[in-house]
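Asker: Structure supplied as start_12.pdb; contents: PDB, C-alpha atoms.
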ATOM      1  CA  MET K 225       0.000   0.000   0.000  1.00  0.00           C
ATOM      2  CA  ASN K 226       2.948   2.377   0.332  1.00  0.00           C
ATOM      3  CA  ALA K 227       6.695   2.975   0.654  1.00  0.00           C
ATOM      4  CA  VAL K 228       6.541   2.859   4.459  1.00  0.00           C
ATOM      5  CA  ILE K 229       6.285  -0.821   5.288  1.00  0.00           C
ATOM      6  CA  PRO K 230       5.130  -2.092   8.685  1.00  0.00           C
ATOM      7  CA  LEU K 231       6.882  -5.251   9.825  1.00  0.00           C
ATOM      8  CA  ARG K 232       5.027  -5.866  13.094  1.00  0.00           C
ATOM      9  CA  ASP K 233       3.275  -4.094  15.911  1.00  0.00           C
ATOM     10  CA  ASP K 234       3.591  -4.752  19.640  1.00  0.00           C
ATOM     11  CA  THR K 235      -0.095  -5.054  20.521  1.00  0.00           C
ATOM     12  CA  PRO K 236      -1.229  -8.591  21.394  1.00  0.00           C
ATOM     13  CA  ALA K 237      -4.561  -9.853  20.121  1.00  0.00           C
ATOM     14  CA  ARG K 238      -6.772 -11.408  22.788  1.00  0.00           C
ATOM     15  CA  ARG K 239      -8.737 -13.706  20.504  1.00  0.00           C
ATOM     16  CA  ALA K 240      -8.128 -15.389  17.186  1.00  0.00           C
ATOM     17  CA  PRO K 241      -8.779 -12.935  14.316  1.00  0.00           C
ATOM     18  CA  LEU K 242     -10.959 -15.328  12.344  1.00  0.00           C
ATOM     19  CA  VAL K 243     -12.417 -12.722   9.985  1.00  0.00           C
ATOM     20  CA  THR K 244      -8.999 -11.216   9.247  1.00  0.00           C
ATOM     21  CA  TRP K 245      -7.710 -14.670   8.362  1.00  0.00           C
ATOM     22  CA  ALA K 246     -10.804 -15.376   6.259  1.00  0.00           C
ATOM     23  CA  LEU K 247     -10.489 -12.097   4.347  1.00  0.00           C
ATOM     24  CA  ILE K 248      -6.841 -12.820   3.599  1.00  0.00           C
ATOM     25  CA  ALA K 249      -7.714 -16.318   2.401  1.00  0.00           C
ATOM     26  CA  VAL K 250     -10.578 -15.124   0.189  1.00  0.00           C
ATOM     27  CA  ASN K 251      -8.493 -12.385  -1.406  1.00  0.00           C
ATOM     28  CA  VAL K 252      -5.645 -14.779  -2.157  1.00  0.00           C
ATOM     29  CA  LEU K 253      -7.983 -17.460  -3.528  1.00  0.00           C
ATOM     30  CA  VAL K 254      -9.779 -14.959  -5.748  1.00  0.00           C
ATOM     31  CA  PHE K 255      -6.465 -13.786  -7.150  1.00  0.00           C
ATOM     32  CA  VAL K 256      -5.397 -17.371  -7.811  1.00  0.00           C
ATOM     33  CA  TYR K 257      -8.701 -17.826  -9.668  1.00  0.00           C
ATOM     34  CA  GLN K 258      -8.053 -14.621 -11.638  1.00  0.00           C
ATOM     35  CA  SER K 259      -4.581 -15.736 -12.614  1.00  0.00           C
ATOM     36  CA  GLN K 260      -5.936 -18.966 -14.098  1.00  0.00           C
ATOM     37  CA  LEU K 261      -8.469 -17.292 -16.363  1.00  0.00           C
ATOM     38  CA  PRO K 262      -7.928 -16.974 -20.126  1.00  0.00           C
ATOM     39  CA  GLU K 263      -7.288 -13.407 -21.257  1.00  0.00           C
ATOM     40  CA  ARG K 264     -10.793 -12.774 -22.593  1.00  0.00           C
ATOM     41  CA  ALA K 265     -12.465 -14.193 -19.484  1.00  0.00           C
ATOM     42  CA  LEU K 266     -10.212 -12.089 -17.259  1.00  0.00           C
ATOM     43  CA  GLN K 267     -11.024  -8.982 -19.273  1.00  0.00           C
ATOM     44  CA  HIS K 268     -14.743  -9.681 -18.893  1.00  0.00           C
ATOM     45  CA  LEU K 269     -14.323 -10.198 -15.139  1.00  0.00           C
ATOM     46  CA  ILE K 270     -12.524  -6.873 -14.767  1.00  0.00           C
ATOM     47  CA  GLU K 271     -15.009  -4.977 -16.940  1.00  0.00           C
ATOM     48  CA  THR K 272     -18.000  -6.244 -14.974  1.00  0.00           C
ATOM     49  CA  ARG K 273     -16.609  -6.604 -11.432  1.00  0.00           C
ATOM     50  CA  ALA K 274     -13.983  -3.858 -11.113  1.00  0.00           C
ATOM     51  CA  LEU K 275     -15.001  -0.348 -10.073  1.00  0.00           C
ATOM     52  CA  ILE K 276     -15.127   1.925 -13.157  1.00  0.00           C
ATOM     53  CA  PRO K 277     -16.152   5.478 -12.185  1.00  0.00           C
ATOM     54  CA  ALA K 278     -17.470   6.534 -15.609  1.00  0.00           C
ATOM     55  CA  ARG K 279     -19.990   3.708 -15.446  1.00  0.00           C
ATOM     56  CA  TYR K 280     -21.850   5.730 -12.826  1.00  0.00           C
ATOM     57  CA  THR K 281     -21.121   9.298 -13.881  1.00  0.00           C
ATOM     58  CA  HIS K 282     -21.189   8.965 -17.691  1.00  0.00           C
ATOM     59  CA  PRO K 283     -23.117   5.825 -18.615  1.00  0.00           C
ATOM     60  CA  GLU K 284     -23.111   6.824 -22.291  1.00  0.00           C
ATOM     61  CA  ALA K 285     -19.307   6.929 -22.241  1.00  0.00           C
ATOM     62  CA  ALA K 286     -19.178   3.525 -20.578  1.00  0.00           C
ATOM     63  CA  ALA K 287     -21.428   2.112 -23.306  1.00  0.00           C
ATOM     64  CA  HIS K 288     -19.277   3.723 -25.998  1.00  0.00           C
ATOM     65  CA  TYR K 289     -16.176   1.969 -24.672  1.00  0.00           C
ATOM     66  CA  GLY K 290     -17.996  -1.331 -24.333  1.00  0.00           C
ATOM     67  CA  VAL K 291     -18.245  -1.284 -20.544  1.00  0.00           C
ATOM     68  CA  ALA K 292     -21.654  -2.629 -19.625  1.00  0.00           C
ATOM     69  CA  PRO K 293     -23.410  -0.885 -16.712  1.00  0.00           C
ATOM     70  CA  ASP K 294     -23.611  -3.554 -14.040  1.00  0.00           C
ATOM     71  CA  GLY K 295     -25.390  -1.959 -11.107  1.00  0.00           C
ATOM     72  CA  TYR K 296     -23.538  -1.153  -7.927  1.00  0.00           C
ATOM     73  CA  LEU K 297     -22.275  -4.639  -7.074  1.00  0.00           C
ATOM     74  CA  SER K 298     -18.820  -3.727  -8.358  1.00  0.00           C
ATOM     75  CA  PHE K 299     -18.353  -1.438  -5.329  1.00  0.00           C
ATOM     76  CA  LEU K 300     -18.200  -4.683  -3.341  1.00  0.00           C
ATOM     77  CA  THR K 301     -16.637  -7.120  -5.812  1.00  0.00           C
ATOM     78  CA  SER K 302     -13.769  -4.766  -6.689  1.00  0.00           C
ATOM     79  CA  MET K 303     -12.522  -5.125  -3.087  1.00  0.00           C
ATOM     80  CA  PHE K 304     -11.629  -8.757  -3.742  1.00  0.00           C
ATOM     81  CA  LEU K 305      -9.854  -8.345  -7.081  1.00  0.00           C
ATOM     82  CA  HIS K 306      -6.176  -7.448  -7.424  1.00  0.00           C
ATOM     83  CA  GLU K 307      -3.844  -6.508 -10.235  1.00  0.00           C
ATOM     84  CA  SER K 308      -0.785  -8.586  -9.337  1.00  0.00           C
ATOM     85  CA  TRP K 309       0.765 -10.800  -6.699  1.00  0.00           C
ATOM     86  CA  LEU K 310       2.671  -7.794  -5.351  1.00  0.00           C
ATOM     87  CA  HIS K 311      -0.624  -5.897  -5.059  1.00  0.00           C
ATOM     88  CA  VAL K 312      -2.467  -8.619  -3.153  1.00  0.00           C
ATOM     89  CA  ILE K 313       0.490  -9.502  -0.913  1.00  0.00           C
ATOM     90  CA  GLY K 314       1.052  -5.850   0.000  1.00  0.00           C
ATOM     91  CA  ASN K 315      -2.602  -5.324   0.882  1.00  0.00           C
ATOM     92  CA  MET K 316      -2.897  -8.540   2.846  1.00  0.00           C
ATOM     93  CA  TRP K 317       0.280  -7.739   4.763  1.00  0.00           C
ATOM     94  CA  PHE K 318      -1.231  -4.487   6.042  1.00  0.00           C
ATOM     95  CA  LEU K 319      -4.428  -6.338   6.939  1.00  0.00           C
ATOM     96  CA  TRP K 320      -2.417  -9.007   8.780  1.00  0.00           C
ATOM     97  CA  ILE K 321      -0.507  -6.419  10.829  1.00  0.00           C
ATOM     98  CA  PHE K 322      -3.424  -4.169  11.807  1.00  0.00           C
ATOM     99  CA  GLY K 323      -6.600  -6.179  11.297  1.00  0.00           C
ATOM    100  CA  ASP K 324      -6.296  -8.557  14.239  1.00  0.00           C
ATOM    101  CA  ASN K 325      -6.311  -5.785  16.861  1.00  0.00           C
ATOM    102  CA  VAL K 326      -9.246  -3.918  15.339  1.00  0.00           C
ATOM    103  CA  GLU K 327     -11.201  -7.164  15.010  1.00  0.00           C
ATOM    104  CA  ASP K 328     -10.299  -7.853  18.640  1.00  0.00           C
ATOM    105  CA  ARG K 329     -12.045  -4.647  19.743  1.00  0.00           C
ATOM    106  CA  MET K 330     -15.075  -5.055  17.471  1.00  0.00           C
ATOM    107  CA  GLY K 331     -15.774  -8.761  17.397  1.00  0.00           C
ATOM    108  CA  HIS K 332     -15.956 -10.876  14.265  1.00  0.00           C
ATOM    109  CA  VAL K 333     -19.288  -9.855  12.723  1.00  0.00           C
ATOM    110  CA  ARG K 334     -18.954  -6.153  13.532  1.00  0.00           C
ATOM    111  CA  PHE K 335     -15.451  -6.123  12.082  1.00  0.00           C
ATOM    112  CA  LEU K 336     -16.632  -7.663   8.817  1.00  0.00           C
ATOM    113  CA  LEU K 337     -19.440  -5.127   8.481  1.00  0.00           C
ATOM    114  CA  PHE K 338     -17.023  -2.303   9.304  1.00  0.00           C
ATOM    115  CA  TYR K 339     -14.519  -3.545   6.720  1.00  0.00           C
ATOM    116  CA  VAL K 340     -17.160  -3.649   3.989  1.00  0.00           C
ATOM    117  CA  LEU K 341     -18.530  -0.218   4.915  1.00  0.00           C
ATOM    118  CA  CYS K 342     -15.070   1.337   4.710  1.00  0.00           C
ATOM    119  CA  GLY K 343     -14.487  -0.297   1.345  1.00  0.00           C
ATOM    120  CA  LEU K 344     -17.768   1.086   0.024  1.00  0.00           C
ATOM    121  CA  ALA K 345     -16.921   4.571   1.313  1.00  0.00           C
ATOM    122  CA  ALA K 346     -13.497   4.356  -0.306  1.00  0.00           C
ATOM    123  CA  GLY K 347     -15.059   3.389  -3.623  1.00  0.00           C
ATOM    124  CA  ALA K 348     -17.576   6.229  -3.389  1.00  0.00           C
ATOM    125  CA  LEU K 349     -14.867   8.867  -2.870  1.00  0.00           C
ATOM    126  CA  HIS K 350     -12.854   7.378  -5.726  1.00  0.00           C
ATOM    127  CA  VAL K 351     -15.845   7.750  -8.055  1.00  0.00           C
ATOM    128  CA  ILE K 352     -16.478  11.316  -6.868  1.00  0.00           C
ATOM    129  CA  THR K 353     -12.864  12.386  -7.413  1.00  0.00           C
ATOM    130  CA  ASN K 354     -12.309  10.436 -10.660  1.00  0.00           C
ATOM    131  CA  GLY K 355     -15.724  10.653 -12.276  1.00  0.00           C
ATOM    132  CA  ASN K 356     -14.408  10.737 -15.844  1.00  0.00           C
ATOM    133  CA  SER K 357     -12.162   7.717 -15.466  1.00  0.00           C
ATOM    134  CA  LEU K 358     -12.699   4.542 -17.449  1.00  0.00           C
ATOM    135  CA  ALA K 359      -9.777   2.863 -15.707  1.00  0.00           C
ATOM    136  CA  PRO K 360     -10.883  -0.233 -13.748  1.00  0.00           C
ATOM    137  CA  THR K 361     -10.090   0.030 -10.042  1.00  0.00           C
ATOM    138  CA  VAL K 362      -9.418  -3.121  -8.026  1.00  0.00           C
ATOM    139  CA  GLY K 363      -8.023  -3.932  -4.617  1.00  0.00           C
ATOM    140  CA  ALA K 364      -8.776  -4.172  -0.912  1.00  0.00           C
ATOM    141  CA  SER K 365      -6.710  -1.128   0.022  1.00  0.00           C
ATOM    142  CA  GLY K 366      -9.706   1.180   0.561  1.00  0.00           C
ATOM    143  CA  ALA K 367     -11.278  -1.212   3.056  1.00  0.00           C
ATOM    144  CA  ILE K 368      -7.913  -1.845   4.727  1.00  0.00           C
ATOM    145  CA  ALA K 369      -7.371   1.912   4.975  1.00  0.00           C
ATOM    146  CA  GLY K 370     -10.532   1.956   7.078  1.00  0.00           C
ATOM    147  CA  VAL K 371      -8.949  -0.600   9.388  1.00  0.00           C
ATOM    148  CA  LEU K 372      -5.916   1.687   9.655  1.00  0.00           C
ATOM    149  CA  GLY K 373      -8.186   4.609  10.527  1.00  0.00           C
ATOM    150  CA  ALA K 374      -9.738   2.617  13.363  1.00  0.00           C
ATOM    151  CA  TYR K 375      -6.327   1.451  14.571  1.00  0.00           C
ATOM    152  CA  PHE K 376      -5.132   5.079  14.541  1.00  0.00           C
ATOM    153  CA  LEU K 377      -7.648   6.011  17.255  1.00  0.00           C
ATOM    154  CA  LEU K 378      -7.892   2.707  19.118  1.00  0.00           C
ATOM    155  CA  PHE K 379      -4.168   1.959  19.510  1.00  0.00           C
ATOM    156  CA  PRO K 380      -2.277   5.277  19.259  1.00  0.00           C
ATOM    157  CA  ARG K 381       0.344   4.151  21.802  1.00  0.00           C
ATOM    158  CA  ALA K 382       1.167   0.914  20.026  1.00  0.00           C
ATOM    159  CA  ARG K 383       4.559   0.783  18.377  1.00  0.00           C
ATOM    160  CA  VAL K 384       5.161  -0.311  14.804  1.00  0.00           C
ATOM    161  CA  LEU K 385       8.478  -1.622  13.529  1.00  0.00           C
ATOM    162  CA  THR K 386       8.751   0.093  10.154  1.00  0.00           C
ATOM    163  CA  LEU K 387      10.927  -0.463   7.091  1.00  0.00           C
ATOM    164  CA  VAL K 388      11.697   2.585   4.946  1.00  0.00           C
ATOM    165  CA  PRO K 389      13.704   1.609   1.848  1.00  0.00           C
ATOM    166  CA  ILE K 390      15.998   4.468   0.762  1.00  0.00           C
ATOM    167  CA  VAL K 391      17.263   3.484  -2.690  1.00  0.00           C
ATOM    168  CA  PHE K 392      18.910   0.136  -1.841  1.00  0.00           C
ATOM    169  CA  ILE K 393      19.427   0.858   1.863  1.00  0.00           C
ATOM    170  CA  PRO K 394      16.748  -0.554   4.212  1.00  0.00           C
ATOM    171  CA  LEU K 395      16.201   1.656   7.256  1.00  0.00           C
ATOM    172  CA  PHE K 396      14.323   0.351  10.279  1.00  0.00           C
ATOM    173  CA  PHE K 397      12.437   2.515  12.749  1.00  0.00           C
ATOM    174  CA  GLU K 398      10.191   1.690  15.679  1.00  0.00           C
ATOM    175  CA  LEU K 399       7.481   4.345  15.505  1.00  0.00           C
ATOM    176  CA  PRO K 400       4.395   5.057  17.597  1.00  0.00           C
ATOM    177  CA  ALA K 401       1.354   3.852  15.658  1.00  0.00           C
ATOM    178  CA  VAL K 402      -0.046   7.378  15.555  1.00  0.00           C
ATOM    179  CA  THR K 403       3.169   8.616  13.892  1.00  0.00           C
ATOM    180  CA  PHE K 404       3.345   5.758  11.411  1.00  0.00           C
ATOM    181  CA  LEU K 405      -0.291   6.193  10.379  1.00  0.00           C
ATOM    182  CA  LEU K 406      -0.038   9.982  10.103  1.00  0.00           C
ATOM    183  CA  ILE K 407       2.943   9.533   7.775  1.00  0.00           C
ATOM    184  CA  TRP K 408       1.026   6.917   5.788  1.00  0.00           C
ATOM    185  CA  PHE K 409      -2.092   9.084   5.533  1.00  0.00           C
ATOM    186  CA  GLY K 410      -0.058  12.174   4.623  1.00  0.00           C
ATOM    187  CA  LEU K 411       1.509  10.284   1.735  1.00  0.00           C
ATOM    188  CA  GLN K 412      -1.910   9.199   0.459  1.00  0.00           C
ATOM    189  CA  LEU K 413      -3.265  12.744   0.701  1.00  0.00           C
ATOM    190  CA  PHE K 414      -0.231  14.255  -1.007  1.00  0.00           C
ATOM    191  CA  GLN K 415      -0.311  11.723  -3.831  1.00  0.00           C
ATOM    192  CA  GLY K 416      -4.043  12.227  -4.227  1.00  0.00           C
ATOM    193  CA  TRP K 417      -3.715  15.994  -4.619  1.00  0.00           C
ATOM    194  CA  ALA K 418      -0.653  15.642  -6.850  1.00  0.00           C
ATOM    195  CA  GLY K 419      -2.501  13.243  -9.124  1.00  0.00           C
ATOM    196  CA  MET K 420      -5.620  15.367  -9.577  1.00  0.00           C
ATOM    197  CA  GLY K 421      -6.262  15.846 -13.267  1.00  0.00           C
ATOM    198  CA  ALA K 422      -3.586  13.323 -14.269  1.00  0.00           C
ATOM    199  CA  GLU K 423      -4.057  10.617 -16.858  1.00  0.00           C
ATOM    200  CA  GLU K 424      -6.135   7.570 -16.017  1.00  0.00           C
ATOM    201  CA  GLY K 425      -4.661   4.637 -14.207  1.00  0.00           C
ATOM    202  CA  GLY K 426      -2.230   4.331 -11.322  1.00  0.00           C
ATOM    203  CA  VAL K 427      -3.029   4.066  -7.625  1.00  0.00           C
ATOM    204  CA  ALA K 428      -6.469   5.056  -6.314  1.00  0.00           C
ATOM    205  CA  TRP K 429      -5.068   7.423  -3.678  1.00  0.00           C
ATOM    206  CA  TRP K 430      -8.422   9.024  -2.892  1.00  0.00           C
ATOM    207  CA  ALA K 431      -9.890   5.595  -2.167  1.00  0.00           C
ATOM    208  CA  HIS K 432      -7.230   5.234   0.528  1.00  0.00           C
ATOM    209  CA  VAL K 433      -8.108   8.661   1.914  1.00  0.00           C
ATOM    210  CA  GLY K 434     -11.824   7.849   1.860  1.00  0.00           C
ATOM    211  CA  GLY K 435     -11.348   4.490   3.561  1.00  0.00           C
ATOM    212  CA  PHE K 436      -9.137   5.975   6.282  1.00  0.00           C
ATOM    213  CA  GLY K 437     -11.632   8.757   6.921  1.00  0.00           C
ATOM    214  CA  ALA K 438     -14.507   6.277   7.083  1.00  0.00           C
ATOM    215  CA  GLY K 439     -12.566   4.205   9.609  1.00  0.00           C
ATOM    216  CA  ILE K 440     -12.095   7.230  11.829  1.00  0.00           C
ATOM    217  CA  LEU K 441     -15.721   8.358  11.510  1.00  0.00           C
ATOM    218  CA  PHE K 442     -17.511   5.030  11.882  1.00  0.00           C
ATOM    219  CA  HIS K 443     -15.319   2.759  13.996  1.00  0.00           C
ATOM    220  CA  ARG K 444     -17.046   3.581  17.301  1.00  0.00           C
ATOM    221  CA  LEU K 445     -20.354   2.358  15.906  1.00  0.00           C
ATOM    222  CA  PHE K 446     -18.861  -1.133  15.640  1.00  0.00           C
ATOM    223  CA  LEU K 447     -16.968  -1.483  18.916  1.00  0.00           C
ATOM    224  CA  ALA K 448     -17.948  -4.361  21.167  1.00  0.00           C
ATOM    225  CA  ARG K 449     -19.531  -3.324  24.459  1.00  0.00           C
ATOM    226  CA  ALA K 450     -16.913  -5.059  26.542  1.00  0.00           C
ATOM    227  CA  PRO K 451     -13.341  -6.067  25.674  1.00  0.00           C
ATOM    228  CA  PRO K 452     -12.847  -9.797  25.053  1.00  0.00           C
ATOM    229  CA  ARG K 453     -11.384 -12.017  27.734  1.00  0.00           C
ATOM    230  CA  PRO K 454      -7.819 -13.168  27.093  1.00  0.00           C
ATOM    231  CA  ARG K 455      -8.123 -16.615  25.570  1.00  0.00           C
ATOM    232  CA  TRP K 456      -5.815 -16.636  22.571  1.00  0.00           C
ATOM    233  CA  SER K 457      -2.351 -15.384  21.770  1.00  0.00           C
ATOM    234  CA  SER K 458      -0.250 -15.507  18.630  1.00  0.00           C
ATOM    235  CA  ARG K 459       3.258 -16.914  18.683  1.00  0.00           C
ATOM    236  CA  ARG K 460       4.584 -13.577  17.528  1.00  0.00           C
ATOM    237  CA  TYR K 461       3.694 -12.187  20.970  1.00  0.00           C
ATOM    238  CA  ALA K 462       5.232 -15.003  23.005  1.00  0.00           C
ATOM    239  CA  ASP K 463       8.112 -12.811  24.280  1.00  0.00           C
ATOM    240  CA  ASP K 464       5.989  -9.740  25.089  1.00  0.00           C
TER
END
Can you present the structure in this file as structure tokens?
Answerer:
Amino acid sequence: MNAVIPLRDDTPARRAPLVTWALIAVNVLVFVYQSQLPERALQHLIETRALIPARYTHPEAAAHYGVAPDGYLSFLTSMFLHESWLHVIGNMWFLWIFGDNVEDRMGHVRFLLFYVLCGLAAGALHVITNGNSLAPTVGASGAIAGVLGAYFLLFPRARVLTLVPIVFIPLFFELPAVTFLLIWFGLQLFQGWAGMGAEEGGVAWWAHVGGFGAGILFHRLFLARAPPRPRWSSRRYADD
């Protein structure tokens, strides 16, 4: 999702993050399915299930370019499609690092609903800010940005071991979560503004901004009433 790469955080999860694991598995399996499709079938999948802003803002343009209007289901389905292995691995890595703690505070069902809501909000802002685009948008990063927004407020004192690659030199920093996520969000916002009016394609920066904002705005609606009892711990926290 960005040039600042989280390697781990120091916040233990108190129950198994079943939905986080399931989302990772589904995204990977869908990409494996994508990668096995013939070229024409893959093109049809992308045209009908990716998020294409002009489909909603200029339906006549979508028809002209052979993109069939397909209702609003693509706001959801586009969250589970990815462009490449690097794309899906990068997104799932962020979800793995931050998703377990947010799911811990919300519970499984609430977390899933929150994740989907943030993804929908991210898609909506992408359409609003790129209304003339016929470029298909795919990826879970908008929904995961919502998870980051929730983490930003729920675990500001957590610490994140961060890799910042400078040319060929890897630099490692242990940053407070609030600092790491402010840097991450600032990069998304800067890239979004810098890319306004640019040619189609590239990263959907405004989807990241929209997802993060939705996570901040809506996360409290999904918090569990009481924190879960300690009954599970991951091996990565064994020495904490």
Asker: The centre and edge lengths of an axis-aligned box containing all atoms of stretch 437-440 of chain K present in the file, extended by 4 Å on each side, are to be given in Å to one decimal, as lines of an AutoDock Vina configuration file.
Answerer:
center_x = -13.1
center_y = 6.5
center_z = 9.4
size_x = 10.9
size_y = 12.6
size_z = 12.9
Asker: List the residues selected by the PyMOL selection byres ((chain K and resi 235) around 9) in the file shown, writing them as a PDB file with C-alpha atoms, keeping the file's coordinate frame.
Answerer:
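See expr.pdb below for the written result:
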ATOM      1  CA  ASP K 233       3.275  -4.094  15.911  1.00  0.00           C
ATOM      2  CA  ASP K 234       3.591  -4.752  19.640  1.00  0.00           C
ATOM      3  CA  PRO K 236      -1.229  -8.591  21.394  1.00  0.00           C
ATOM      4  CA  ALA K 237      -4.561  -9.853  20.121  1.00  0.00           C
ATOM      5  CA  ASN K 325      -6.311  -5.785  16.861  1.00  0.00           C
ATOM      6  CA  PHE K 379      -4.168   1.959  19.510  1.00  0.00           C
ATOM      7  CA  ALA K 382       1.167   0.914  20.026  1.00  0.00           C
ATOM      8  CA  ARG K 383       4.559   0.783  18.377  1.00  0.00           C
ATOM      9  CA  TYR K 461       3.694 -12.187  20.970  1.00  0.00           C
ATOM     10  CA  ASP K 464       5.989  -9.740  25.089  1.00  0.00           C
TER      11      ASP K 464
END
Asker: I'd like the contact shell of stretch 350-356 of chain K - 7 Å cut-off, all atoms listed in the file, skipping same-chain residues fewer than 6 positions apart - returned as a VMD selection string.
Answerer: chain K and resid 277 to 278 281 428 430 to 431
Asker: Given the file shown, determine the residues that the PyMOL selection byres ((chain K and resi 388) around 12) selects; report them as a PyMOL selection string.
Answerer: chain K and resi 226-231+385-387+389-399+404+407-408
Asker: Going by the chain IDs and residue numbers used in this file, which residues fall under the PyMOL selection byres ((chain K and resi 377) around 10)? Write them as a ChimeraX atom specification.
Answerer: /K:372-376,378-381,401-402,439-440,443-444
Asker: Put those residues in a file: C-alpha atoms, as a compact mmCIF listing (two decimals), in the coordinates of the input.
Answerer:
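Written out: result_16.txt:
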# COMPACT_ATOMS: atom_id res chain seq x y z
CA LEU K 372 -5.92 1.69 9.65
CA GLY K 373 -8.19 4.61 10.53
CA ALA K 374 -9.74 2.62 13.36
CA TYR K 375 -6.33 1.45 14.57
CA PHE K 376 -5.13 5.08 14.54
CA LEU K 378 -7.89 2.71 19.12
CA PHE K 379 -4.17 1.96 19.51
CA PRO K 380 -2.28 5.28 19.26
CA ARG K 381 0.34 4.15 21.80
CA ALA K 401 1.35 3.85 15.66
CA VAL K 402 -0.05 7.38 15.56
CA GLY K 439 -12.57 4.20 9.61
CA ILE K 440 -12.10 7.23 11.83
CA HIS K 443 -15.32 2.76 14.00
CA ARG K 444 -17.05 3.58 17.30
Asker: Closest to K:Phe338 among K:Ala274, K:Met316, K:Leu310, K:Leu447, using all atoms listed in the file?
Answerer: K:Leu447
Asker: Please list, as a ChimeraX atom specification, the residues that have an atom at most 10 Å away from (-6.2, 0.4, 1.3) in the coordinates of this file, counting all atoms listed in the file.
Answerer: /K:225-226,303,314-316,318-319,342-343,346,363-372,412,428-436
Asker: Skip K:Asp324 itself and residues of its chain fewer than 3 positions away, then list as a tab-separated table (two decimals) with C-alpha atoms, keeping the file's coordinate frame all residues within 8 Å of it, counting all atoms listed in the file.
Answerer:
chain	number	residue	atom	x	y	z
K	237	ALA	CA	-4.56	-9.85	20.12
K	240	ALA	CA	-8.13	-15.39	17.19
K	241	PRO	CA	-8.78	-12.94	14.32
K	244	THR	CA	-9.00	-11.22	9.25
K	319	LEU	CA	-4.43	-6.34	6.94
K	320	TRP	CA	-2.42	-9.01	8.78
K	321	ILE	CA	-0.51	-6.42	10.83
K	327	GLU	CA	-11.20	-7.16	15.01
K	328	ASP	CA	-10.30	-7.85	18.64
